[in-house]
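Accompanying notes for the structure given below.
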Amino acid sequence: MSAAKQGAIDAYLQPLANNHTFAGAVALVANKDGVVYSKAVGYRDLASNAPMTTDDLFWIASTSKPMTAAALMMLVDEGKVNVDDPVEKYLPEFHEQMVGVPAGGQTLVPANHPILVREILSHTSGLPFKSKAQPGALDTLPLKDAVRSFAAEPLKFQPFTDYSYSNEGLNTAARIIEVVSGISYEQFMQERLFDPLGMKDTTFWPTTEQIARLAKTYKLDAQKKDLVEGPLEQLTYPLDDRKHRFPMPAGGIFSTAEDVARFARMILNGGALDGKRYLSAQSLREMTSVENAGMGGGDYGFGFSVSAHGMGHGGAYKNAMDIDRETGRITIFMVQQDGPWGTEEGEKIVPTLDRLADELVRSGAAAASAEEPGKR
C-alpha cells in the first residue's frame, strides 16, 4: 500500500486529536484479504496521558446490530427460522399485538398483521426503541424478561407502514435465537461467531485486563469548550458484573478495531472468511438489501444500513463500520465520545476517512496489477 496514502490518513487524524475534537481514536482500513492500515492517535485516558493503542477496547453500541442479525440469519440458513414467519410462531407472547393510534397514541386497535421476523430486523415492526420496563440503562433485564416487556406494550404504528429505529426489534431477534437454538444468545454468539472468526477481544463483559484497555468516554463541555470524562450512560457498572448486567443484543458488545474488521471482512467476502462459511449468499443478500422500502428517509436491510455501494453501521458513541463493495474497502473508526461533536469537522470524520481509505485501497490494487506478469 502507498506510504503517501497511509500518511494522508495520519495527517488527517492527528490534528483532530491535538485539538480535542476527540481524545483518542483508532482507524483501520482493510480489504477482503486483510488489514492494510491500522493506527491509533491521541489518548485512551487524558488524565493519565495513557496513549491510545490499536488493541484498545471500545463499547461499540449499535454496531452490535449487524452481528446479532448475522447470527439469526445463520439459523435461517439452517432452515430453523423463516424471516417471513410471524414472530409469535417462536415467541407466543407476541400473539394479538395491539397498536396505539394515532401513531403511539392511547387508543388501541389490533395490528393489521402479526409482526414478522423480517420486520423486527428492518425496524418496520412498530416496536418502540425501548420498553417502559427499561427506564434507564439498557442492560438491567435478562433477555427473556426484556422481550416479554416488549410484547406487553402496544406497537407505535401498524407493521410495515413506517420505519422507526428500534433496539427492541434486534433484541427480539436475539430471543428467537435462544428459543430456536436452545442455548443463550451470548453463548450462540461466542460459539458461532466470535470464536470461529477469531474475535478474541469481543465480549459483553470485559475482563479486568480488558477494562484496563477500555477507552475512556468523553463529552464536549460547551462552557469549558473542552472534553470532560464521563460514564457509559446506557450501561450498568461494574462492566464485568455478570450477575446484574445482561447482554443487550442491539447494542451491548465491546470490541476492538481488529475484531470488528474480521466480522466486516466476512461480510465483504460474501459470508465466508479463512475457508469457513458463516452465511449463505441468499442470507447476505437479504441483510444488505433495502428491506424497509425506503421508509424513514433512509435505506436499511437486516441489521445494516445499506446504500448503492455497500453497507455499514454506527454506534451511539460515534464508532463506525463501513463496507464498500465497489472498491473492496472496509473502514473501521473506533472512538468513545458522547453527545454532539461540537465542531463541523467532527461530522465529516467518517466520510473523510472513507474517501482516504478508498484512495489507499485503490493504490494497493493498482500496484498489485502493475506487478502481475506481462503488465509492466
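FYI, nothing fancy with the C-alpha cells labels: chains A, B, ... in order, residues from 1 per chain, ligands from 1 as they appear.
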
- Message: With only C-alpha atoms as the counted atoms, please give the residues lying no more than 10 Å from segment 49-54 of chain A, apart from itself and same-chain residues fewer than 4 positions off, as a ChimeraX atom specification.
- Response: /A:23-28,38-45,213-216,256-258,334

- Tell me which protein, DNA and RNA residues are within 12 Å of Arg175 of chain A, counting only C-alpha atoms, leaving out same-chain ones fewer than 4 positions away, and put them as a count of residues only. 37

- Atomic distance atom CA of Phe246 of chain A - atom CA of Tyr165 of chain A, expressed in Å with one decimal: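 Going from atom CA of Phe246 of chain A over to atom CA of Tyr165 of chain A covers 21.4 Å.
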
- Query: Residues at most 12 Å from Asn82 of chain A, counting only C-alpha atoms, excluding those fewer than 2 positions away in the same chain, as a ChimeraX atom specification?
  - Reply: /A:72-80,84-87,89-90,116-119,173,176-177,180,283

Those same residues - C-alpha atoms - I'd like them written as a PDB file, in the first residue's frame.
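See selection.pdb below for the written result:
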```
ATOM      1  CA  LEU A  72     -30.121 -15.036  13.331  1.00  0.00           C
ATOM      2  CA  MET A  73     -29.518 -15.468   9.600  1.00  0.00           C
ATOM      3  CA  MET A  74     -27.315 -18.471  10.382  1.00  0.00           C
ATOM      4  CA  LEU A  75     -30.444 -20.150  11.731  1.00  0.00           C
ATOM      5  CA  VAL A  76     -32.325 -19.071   8.604  1.00  0.00           C
ATOM      6  CA  ASP A  77     -29.653 -20.836   6.541  1.00  0.00           C
ATOM      7  CA  GLU A  78     -30.174 -23.971   8.633  1.00  0.00           C
ATOM      8  CA  GLY A  79     -33.919 -23.900   7.945  1.00  0.00           C
ATOM      9  CA  LYS A  80     -34.748 -23.291  11.610  1.00  0.00           C
ATOM     10  CA  ASP A  84     -41.453 -14.348   6.640  1.00  0.00           C
ATOM     11  CA  ASP A  85     -42.789 -16.108   9.740  1.00  0.00           C
ATOM     12  CA  PRO A  86     -44.703 -14.183  12.402  1.00  0.00           C
ATOM     13  CA  VAL A  87     -42.582 -13.532  15.479  1.00  0.00           C
ATOM     14  CA  LYS A  89     -44.506 -18.529  15.943  1.00  0.00           C
ATOM     15  CA  TYR A  90     -41.309 -18.508  18.008  1.00  0.00           C
ATOM     16  CA  LEU A 116     -42.824 -10.652  11.054  1.00  0.00           C
ATOM     17  CA  VAL A 117     -39.228 -11.669  11.658  1.00  0.00           C
ATOM     18  CA  ARG A 118     -38.131  -9.559   8.670  1.00  0.00           C
ATOM     19  CA  GLU A 119     -39.864  -6.535  10.220  1.00  0.00           C
ATOM     20  CA  ALA A 173     -34.473 -11.375  17.146  1.00  0.00           C
ATOM     21  CA  ILE A 176     -35.641 -16.054  18.834  1.00  0.00           C
ATOM     22  CA  ILE A 177     -32.036 -17.272  18.570  1.00  0.00           C
ATOM     23  CA  VAL A 180     -34.629 -21.962  18.403  1.00  0.00           C
ATOM     24  CA  SER A 283     -28.932 -14.507   3.578  1.00  0.00           C
TER      25      SER A 283
END
```

Within segment 128-362 of chain A, find each residue whose DSSP state, derived from the backbone, is alpha helix (DSSP H), and express the selection as a PDB file with N, CA and C atoms, in the first residue's frame.
```
ATOM      1  N   LEU A 143     -32.646 -11.168  28.929  1.00  0.00           N
ATOM      2  CA  LEU A 143     -33.248 -11.021  27.612  1.00  0.00           C
ATOM      3  C   LEU A 143     -34.684 -11.528  27.577  1.00  0.00           C
ATOM      4  N   LYS A 144     -34.936 -12.663  28.202  1.00  0.00           N
ATOM      5  CA  LYS A 144     -36.291 -13.232  28.206  1.00  0.00           C
ATOM      6  C   LYS A 144     -37.290 -12.252  28.813  1.00  0.00           C
ATOM      7  N   ASP A 145     -36.914 -11.636  29.944  1.00  0.00           N
ATOM      8  CA  ASP A 145     -37.810 -10.697  30.622  1.00  0.00           C
ATOM      9  C   ASP A 145     -37.963  -9.409  29.822  1.00  0.00           C
ATOM     10  N   ALA A 146     -36.868  -8.939  29.240  1.00  0.00           N
ATOM     11  CA  ALA A 146     -36.941  -7.720  28.441  1.00  0.00           C
ATOM     12  C   ALA A 146     -37.905  -7.901  27.271  1.00  0.00           C
ATOM     13  N   VAL A 147     -37.789  -9.026  26.578  1.00  0.00           N
ATOM     14  CA  VAL A 147     -38.626  -9.257  25.395  1.00  0.00           C
ATOM     15  C   VAL A 147     -40.090  -9.428  25.800  1.00  0.00           C
ATOM     16  N   ARG A 148     -40.344 -10.026  26.920  1.00  0.00           N
ATOM     17  CA  ARG A 148     -41.735 -10.121  27.397  1.00  0.00           C
ATOM     18  C   ARG A 148     -42.316  -8.727  27.639  1.00  0.00           C
ATOM     19  N   SER A 149     -41.488  -7.814  28.118  1.00  0.00           N
ATOM     20  CA  SER A 149     -41.975  -6.447  28.330  1.00  0.00           C
ATOM     21  C   SER A 149     -42.271  -5.759  27.002  1.00  0.00           C
ATOM     22  N   PHE A 150     -41.522  -6.088  25.952  1.00  0.00           N
ATOM     23  CA  PHE A 150     -41.798  -5.516  24.626  1.00  0.00           C
ATOM     24  C   PHE A 150     -43.184  -5.958  24.149  1.00  0.00           C
ATOM     25  N   ALA A 151     -43.447  -7.274  24.310  1.00  0.00           N
ATOM     26  CA  ALA A 151     -44.698  -7.846  23.815  1.00  0.00           C
ATOM     27  C   ALA A 151     -45.908  -7.301  24.569  1.00  0.00           C
ATOM     28  N   ASN A 167     -34.232  -0.671  19.189  1.00  0.00           N
ATOM     29  CA  ASN A 167     -33.449  -1.696  19.874  1.00  0.00           C
ATOM     30  C   ASN A 167     -34.284  -2.937  20.147  1.00  0.00           C
ATOM     31  N   GLU A 168     -35.575  -2.724  20.427  1.00  0.00           N
ATOM     32  CA  GLU A 168     -36.446  -3.848  20.750  1.00  0.00           C
ATOM     33  C   GLU A 168     -36.475  -4.889  19.630  1.00  0.00           C
ATOM     34  N   GLY A 169     -36.444  -4.434  18.381  1.00  0.00           N
ATOM     35  CA  GLY A 169     -36.520  -5.364  17.270  1.00  0.00           C
ATOM     36  C   GLY A 169     -35.363  -6.342  17.256  1.00  0.00           C
ATOM     37  N   LEU A 170     -34.130  -5.834  17.349  1.00  0.00           N
ATOM     38  CA  LEU A 170     -32.956  -6.716  17.322  1.00  0.00           C
ATOM     39  C   LEU A 170     -32.844  -7.534  18.592  1.00  0.00           C
ATOM     40  N   ASN A 171     -33.300  -6.996  19.731  1.00  0.00           N
ATOM     41  CA  ASN A 171     -33.307  -7.788  20.957  1.00  0.00           C
ATOM     42  C   ASN A 171     -34.300  -8.944  20.848  1.00  0.00           C
ATOM     43  N   THR A 172     -35.429  -8.691  20.199  1.00  0.00           N
ATOM     44  CA  THR A 172     -36.412  -9.756  19.988  1.00  0.00           C
ATOM     45  C   THR A 172     -35.852 -10.828  19.065  1.00  0.00           C
ATOM     46  N   ALA A 173     -35.115 -10.404  18.035  1.00  0.00           N
ATOM     47  CA  ALA A 173     -34.473 -11.375  17.146  1.00  0.00           C
ATOM     48  C   ALA A 173     -33.520 -12.275  17.930  1.00  0.00           C
ATOM     49  N   ALA A 174     -32.800 -11.686  18.887  1.00  0.00           N
ATOM     50  CA  ALA A 174     -31.866 -12.464  19.693  1.00  0.00           C
ATOM     51  C   ALA A 174     -32.598 -13.463  20.581  1.00  0.00           C
ATOM     52  N   ARG A 175     -33.763 -13.095  21.054  1.00  0.00           N
ATOM     53  CA  ARG A 175     -34.550 -14.035  21.868  1.00  0.00           C
ATOM     54  C   ARG A 175     -35.016 -15.208  21.005  1.00  0.00           C
ATOM     55  N   ILE A 176     -35.310 -14.948  19.739  1.00  0.00           N
ATOM     56  CA  ILE A 176     -35.641 -16.054  18.834  1.00  0.00           C
ATOM     57  C   ILE A 176     -34.446 -16.993  18.695  1.00  0.00           C
ATOM     58  N   ILE A 177     -33.238 -16.431  18.626  1.00  0.00           N
ATOM     59  CA  ILE A 177     -32.036 -17.272  18.570  1.00  0.00           C
ATOM     60  C   ILE A 177     -32.005 -18.219  19.760  1.00  0.00           C
ATOM     61  N   GLU A 178     -32.298 -17.699  20.946  1.00  0.00           N
ATOM     62  CA  GLU A 178     -32.270 -18.535  22.151  1.00  0.00           C
ATOM     63  C   GLU A 178     -33.301 -19.654  22.083  1.00  0.00           C
ATOM     64  N   VAL A 179     -34.515 -19.308  21.700  1.00  0.00           N
ATOM     65  CA  VAL A 179     -35.598 -20.296  21.674  1.00  0.00           C
ATOM     66  C   VAL A 179     -35.325 -21.389  20.648  1.00  0.00           C
ATOM     67  N   VAL A 180     -34.847 -20.998  19.487  1.00  0.00           N
ATOM     68  CA  VAL A 180     -34.629 -21.962  18.403  1.00  0.00           C
ATOM     69  C   VAL A 180     -33.380 -22.807  18.625  1.00  0.00           C
ATOM     70  N   SER A 181     -32.317 -22.179  19.118  1.00  0.00           N
ATOM     71  CA  SER A 181     -31.049 -22.911  19.286  1.00  0.00           C
ATOM     72  C   SER A 181     -30.979 -23.697  20.576  1.00  0.00           C
ATOM     73  N   TYR A 185     -28.312 -16.513  24.042  1.00  0.00           N
ATOM     74  CA  TYR A 185     -27.850 -15.656  22.950  1.00  0.00           C
ATOM     75  C   TYR A 185     -26.344 -15.445  23.028  1.00  0.00           C
ATOM     76  N   GLU A 186     -25.843 -15.138  24.222  1.00  0.00           N
ATOM     77  CA  GLU A 186     -24.417 -14.851  24.348  1.00  0.00           C
ATOM     78  C   GLU A 186     -23.553 -16.081  24.056  1.00  0.00           C
ATOM     79  N   GLN A 187     -24.059 -17.274  24.417  1.00  0.00           N
ATOM     80  CA  GLN A 187     -23.313 -18.493  24.094  1.00  0.00           C
ATOM     81  C   GLN A 187     -23.310 -18.734  22.591  1.00  0.00           C
ATOM     82  N   PHE A 188     -24.440 -18.499  21.942  1.00  0.00           N
ATOM     83  CA  PHE A 188     -24.522 -18.659  20.496  1.00  0.00           C
ATOM     84  C   PHE A 188     -23.544 -17.717  19.803  1.00  0.00           C
ATOM     85  N   MET A 189     -23.517 -16.478  20.237  1.00  0.00           N
ATOM     86  CA  MET A 189     -22.611 -15.503  19.619  1.00  0.00           C
ATOM     87  C   MET A 189     -21.152 -15.919  19.803  1.00  0.00           C
ATOM     88  N   ASP A 195     -15.783 -16.719  18.408  1.00  0.00           N
ATOM     89  CA  ASP A 195     -14.645 -17.645  18.444  1.00  0.00           C
ATOM     90  C   ASP A 195     -14.216 -18.093  17.047  1.00  0.00           C
ATOM     91  N   PRO A 196     -15.145 -18.558  16.195  1.00  0.00           N
ATOM     92  CA  PRO A 196     -14.722 -19.003  14.861  1.00  0.00           C
ATOM     93  C   PRO A 196     -14.081 -17.895  14.022  1.00  0.00           C
ATOM     94  N   LEU A 197     -14.561 -16.661  14.176  1.00  0.00           N
ATOM     95  CA  LEU A 197     -13.995 -15.547  13.412  1.00  0.00           C
ATOM     96  C   LEU A 197     -12.676 -15.040  13.999  1.00  0.00           C
ATOM     97  N   THR A 208     -11.093  -7.791  33.710  1.00  0.00           N
ATOM     98  CA  THR A 208     -10.281  -6.761  34.361  1.00  0.00           C
ATOM     99  C   THR A 208      -9.190  -6.262  33.424  1.00  0.00           C
ATOM    100  N   GLU A 209      -8.537  -7.199  32.713  1.00  0.00           N
ATOM    101  CA  GLU A 209      -7.477  -6.826  31.786  1.00  0.00           C
ATOM    102  C   GLU A 209      -8.029  -5.994  30.637  1.00  0.00           C
ATOM    103  N   GLN A 210      -9.202  -6.356  30.128  1.00  0.00           N
ATOM    104  CA  GLN A 210      -9.793  -5.603  29.023  1.00  0.00           C
ATOM    105  C   GLN A 210     -10.272  -4.221  29.476  1.00  0.00           C
ATOM    106  N   ILE A 211     -10.797  -4.135  30.693  1.00  0.00           N
ATOM    107  CA  ILE A 211     -11.243  -2.838  31.213  1.00  0.00           C
ATOM    108  C   ILE A 211     -10.071  -1.875  31.301  1.00  0.00           C
ATOM    109  N   ALA A 212      -8.870  -2.412  31.587  1.00  0.00           N
ATOM    110  CA  ALA A 212      -7.676  -1.566  31.621  1.00  0.00           C
ATOM    111  C   ALA A 212      -7.363  -1.008  30.241  1.00  0.00           C
ATOM    112  N   ALA A 257     -10.930  -2.609  17.096  1.00  0.00           N
ATOM    113  CA  ALA A 257     -10.992  -2.334  15.662  1.00  0.00           C
ATOM    114  C   ALA A 257     -10.675  -3.589  14.858  1.00  0.00           C
ATOM    115  N   GLU A 258      -9.668  -4.336  15.272  1.00  0.00           N
ATOM    116  CA  GLU A 258      -9.283  -5.535  14.532  1.00  0.00           C
ATOM    117  C   GLU A 258     -10.387  -6.582  14.546  1.00  0.00           C
ATOM    118  N   ASP A 259     -11.047  -6.768  15.692  1.00  0.00           N
ATOM    119  CA  ASP A 259     -12.128  -7.749  15.767  1.00  0.00           C
ATOM    120  C   ASP A 259     -13.305  -7.358  14.883  1.00  0.00           C
ATOM    121  N   VAL A 260     -13.706  -6.080  14.931  1.00  0.00           N
ATOM    122  CA  VAL A 260     -14.819  -5.627  14.093  1.00  0.00           C
ATOM    123  C   VAL A 260     -14.453  -5.801  12.623  1.00  0.00           C
ATOM    124  N   ALA A 261     -13.189  -5.580  12.296  1.00  0.00           N
ATOM    125  CA  ALA A 261     -12.746  -5.748  10.910  1.00  0.00           C
ATOM    126  C   ALA A 261     -12.850  -7.199  10.463  1.00  0.00           C
ATOM    127  N   ARG A 262     -12.639  -8.139  11.349  1.00  0.00           N
ATOM    128  CA  ARG A 262     -12.769  -9.556  10.972  1.00  0.00           C
ATOM    129  C   ARG A 262     -14.226  -9.877  10.614  1.00  0.00           C
ATOM    130  N   PHE A 263     -15.158  -9.343  11.377  1.00  0.00           N
ATOM    131  CA  PHE A 263     -16.576  -9.519  11.028  1.00  0.00           C
ATOM    132  C   PHE A 263     -16.871  -8.860   9.683  1.00  0.00           C
ATOM    133  N   ALA A 264     -16.380  -7.641   9.503  1.00  0.00           N
ATOM    134  CA  ALA A 264     -16.638  -6.913   8.255  1.00  0.00           C
ATOM    135  C   ALA A 264     -16.016  -7.629   7.056  1.00  0.00           C
ATOM    136  N   ARG A 265     -14.842  -8.211   7.232  1.00  0.00           N
ATOM    137  CA  ARG A 265     -14.210  -8.950   6.131  1.00  0.00           C
ATOM    138  C   ARG A 265     -15.042 -10.168   5.749  1.00  0.00           C
ATOM    139  N   MET A 266     -15.642 -10.822   6.725  1.00  0.00           N
ATOM    140  CA  MET A 266     -16.523 -11.947   6.419  1.00  0.00           C
ATOM    141  C   MET A 266     -17.698 -11.485   5.555  1.00  0.00           C
ATOM    142  N   ILE A 267     -18.264 -10.330   5.889  1.00  0.00           N
ATOM    143  CA  ILE A 267     -19.370  -9.790   5.097  1.00  0.00           C
ATOM    144  C   ILE A 267     -18.885  -9.439   3.690  1.00  0.00           C
ATOM    145  N   LEU A 268     -17.754  -8.744   3.579  1.00  0.00           N
ATOM    146  CA  LEU A 268     -17.225  -8.345   2.271  1.00  0.00           C
ATOM    147  C   LEU A 268     -16.871  -9.559   1.418  1.00  0.00           C
ATOM    148  N   ALA A 281     -25.110 -16.928   0.456  1.00  0.00           N
ATOM    149  CA  ALA A 281     -25.232 -15.754  -0.412  1.00  0.00           C
ATOM    150  C   ALA A 281     -26.621 -15.147  -0.306  1.00  0.00           C
ATOM    151  N   GLN A 282     -27.634 -15.993  -0.192  1.00  0.00           N
ATOM    152  CA  GLN A 282     -29.009 -15.503  -0.095  1.00  0.00           C
ATOM    153  C   GLN A 282     -29.229 -14.705   1.184  1.00  0.00           C
ATOM    154  N   SER A 283     -28.758 -15.225   2.313  1.00  0.00           N
ATOM    155  CA  SER A 283     -28.932 -14.507   3.578  1.00  0.00           C
ATOM    156  C   SER A 283     -28.183 -13.189   3.575  1.00  0.00           C
ATOM    157  N   LEU A 284     -26.973 -13.204   3.035  1.00  0.00           N
ATOM    158  CA  LEU A 284     -26.199 -11.969   2.974  1.00  0.00           C
ATOM    159  C   LEU A 284     -26.875 -10.955   2.061  1.00  0.00           C
ATOM    160  N   ARG A 285     -27.468 -11.425   0.970  1.00  0.00           N
ATOM    161  CA  ARG A 285     -28.176 -10.538   0.049  1.00  0.00           C
ATOM    162  C   ARG A 285     -29.345  -9.855   0.759  1.00  0.00           C
ATOM    163  N   GLU A 286     -30.089 -10.618   1.562  1.00  0.00           N
ATOM    164  CA  GLU A 286     -31.222 -10.029   2.285  1.00  0.00           C
ATOM    165  C   GLU A 286     -30.742  -9.046   3.351  1.00  0.00           C
ATOM    166  N   MET A 287     -29.673  -9.384   4.043  1.00  0.00           N
ATOM    167  CA  MET A 287     -29.151  -8.494   5.076  1.00  0.00           C
ATOM    168  C   MET A 287     -28.732  -7.148   4.501  1.00  0.00           C
ATOM    169  N   GLU A 344     -17.788  21.330  13.235  1.00  0.00           N
ATOM    170  CA  GLU A 344     -18.248  20.885  11.920  1.00  0.00           C
ATOM    171  C   GLU A 344     -17.374  19.755  11.396  1.00  0.00           C
ATOM    172  N   GLU A 345     -16.087  19.797  11.734  1.00  0.00           N
ATOM    173  CA  GLU A 345     -15.166  18.773  11.256  1.00  0.00           C
ATOM    174  C   GLU A 345     -15.499  17.400  11.829  1.00  0.00           C
ATOM    175  N   GLY A 346     -16.047  17.368  13.052  1.00  0.00           N
ATOM    176  CA  GLY A 346     -16.402  16.089  13.652  1.00  0.00           C
ATOM    177  C   GLY A 346     -17.378  15.302  12.804  1.00  0.00           C
ATOM    178  N   GLU A 347     -18.365  15.999  12.229  1.00  0.00           N
ATOM    179  CA  GLU A 347     -19.372  15.333  11.413  1.00  0.00           C
ATOM    180  C   GLU A 347     -18.786  14.781  10.117  1.00  0.00           C
ATOM    181  N   ILE A 349     -15.765  13.293   9.846  1.00  0.00           N
ATOM    182  CA  ILE A 349     -14.672  12.345  10.064  1.00  0.00           C
ATOM    183  C   ILE A 349     -14.861  11.054   9.290  1.00  0.00           C
ATOM    184  N   VAL A 350     -16.000  10.396   9.457  1.00  0.00           N
ATOM    185  CA  VAL A 350     -16.181   9.095   8.807  1.00  0.00           C
ATOM    186  C   VAL A 350     -16.212   9.218   7.280  1.00  0.00           C
ATOM    187  N   PRO A 351     -16.973  10.164   6.702  1.00  0.00           N
ATOM    188  CA  PRO A 351     -16.909  10.306   5.233  1.00  0.00           C
ATOM    189  C   PRO A 351     -15.496  10.601   4.721  1.00  0.00           C
ATOM    190  N   THR A 352     -14.747  11.416   5.459  1.00  0.00           N
ATOM    191  CA  THR A 352     -13.379  11.725   5.025  1.00  0.00           C
ATOM    192  C   THR A 352     -12.487  10.488   5.118  1.00  0.00           C
ATOM    193  N   LEU A 353     -12.623   9.739   6.203  1.00  0.00           N
ATOM    194  CA  LEU A 353     -11.852   8.503   6.330  1.00  0.00           C
ATOM    195  C   LEU A 353     -12.199   7.527   5.217  1.00  0.00           C
ATOM    196  N   ASP A 354     -13.476   7.426   4.870  1.00  0.00           N
ATOM    197  CA  ASP A 354     -13.882   6.538   3.773  1.00  0.00           C
ATOM    198  C   ASP A 354     -13.193   6.950   2.469  1.00  0.00           C
ATOM    199  N   ARG A 355     -13.167   8.234   2.200  1.00  0.00           N
ATOM    200  CA  ARG A 355     -12.521   8.711   0.959  1.00  0.00           C
ATOM    201  C   ARG A 355     -11.030   8.400   0.954  1.00  0.00           C
ATOM    202  N   LEU A 356     -10.356   8.685   2.066  1.00  0.00           N
ATOM    203  CA  LEU A 356      -8.925   8.416   2.152  1.00  0.00           C
ATOM    204  C   LEU A 356      -8.642   6.916   2.097  1.00  0.00           C
ATOM    205  N   ALA A 357      -9.527   6.126   2.711  1.00  0.00           N
ATOM    206  CA  ALA A 357      -9.359   4.676   2.689  1.00  0.00           C
ATOM    207  C   ALA A 357      -9.561   4.123   1.284  1.00  0.00           C
ATOM    208  N   ASP A 358     -10.538   4.675   0.543  1.00  0.00           N
ATOM    209  CA  ASP A 358     -10.737   4.257  -0.851  1.00  0.00           C
ATOM    210  C   ASP A 358      -9.480   4.509  -1.667  1.00  0.00           C
ATOM    211  N   GLU A 359      -8.881   5.679  -1.469  1.00  0.00           N
ATOM    212  CA  GLU A 359      -7.660   6.006  -2.215  1.00  0.00           C
ATOM    213  C   GLU A 359      -6.528   5.048  -1.849  1.00  0.00           C
ATOM    214  N   LEU A 360      -6.446   4.676  -0.566  1.00  0.00           N
ATOM    215  CA  LEU A 360      -5.401   3.751  -0.130  1.00  0.00           C
ATOM    216  C   LEU A 360      -5.594   2.373  -0.751  1.00  0.00           C
ATOM    217  N   VAL A 361      -6.825   1.859  -0.709  1.00  0.00           N
ATOM    218  CA  VAL A 361      -7.098   0.527  -1.256  1.00  0.00           C
ATOM    219  C   VAL A 361      -6.898   0.516  -2.768  1.00  0.00           C
ATOM    220  N   ARG A 362      -7.316   1.583  -3.447  1.00  0.00           N
ATOM    221  CA  ARG A 362      -7.115   1.645  -4.905  1.00  0.00           C
ATOM    222  C   ARG A 362      -5.630   1.660  -5.249  1.00  0.00           C
TER     223      ARG A 362
END
```

- Coordinates-based distance that separates atom CA of Asn19 of chain A from atom CA of Val335 of chain A (Å, one decimal):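 These atoms are spaced 15.1 Å apart.
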
- Task: For atom CA of Tyr237 of chain A and atom CA of Met67 of chain A, determine how far apart the two atoms are, in Å to one decimal place.
- Result: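 It comes out at 23.7 Å.
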
Find the residues near Ala47 of chain A: any atom within 12 Å, counting only C-alpha atoms, skip ones fewer than 5 places away on the same chain, and give them as a JSON list (two decimals) with C-alpha atoms, in the first residue's frame.
```
[["chain", "number", "residue", "atom", "x", "y", "z"],
["A", 23, "ALA", "CA", -9.49, 12.41, 22.95],
["A", 216, "LYS", "CA", -12.41, 6.40, 28.46],
["A", 217, "THR", "CA", -15.62, 8.12, 27.45],
["A", 218, "TYR", "CA", -15.57, 11.85, 26.77],
["A", 227, "LEU", "CA", -13.64, 17.33, 26.64],
["A", 228, "VAL", "CA", -14.71, 16.01, 30.03],
["A", 229, "GLU", "CA", -14.70, 12.37, 31.10]]
```

- Message: Here is a test: counting only C-alpha atoms, which residue of A:Phe254, A:Gln97, A:Leu127, A:Ile9 is nearest to Lys200 of chain A?
- Response: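 The answer is A:Phe254, which sits nearest to Lys200 of chain A.
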
- Using only C-alpha atoms, determine which residues lie at most 6 Å from Ile323 of chain A, disregarding the query and same-chain residues fewer than 5 positions distant; provide the list as a PyMOL selection string. chain A and resi 310-312+329-330

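Proximity of A:Gly339, A:Gly314, A:Gly294, A:Pro238 to Gly251 of chain A, computed with only C-alpha atoms, is greatest for A:Gly314.
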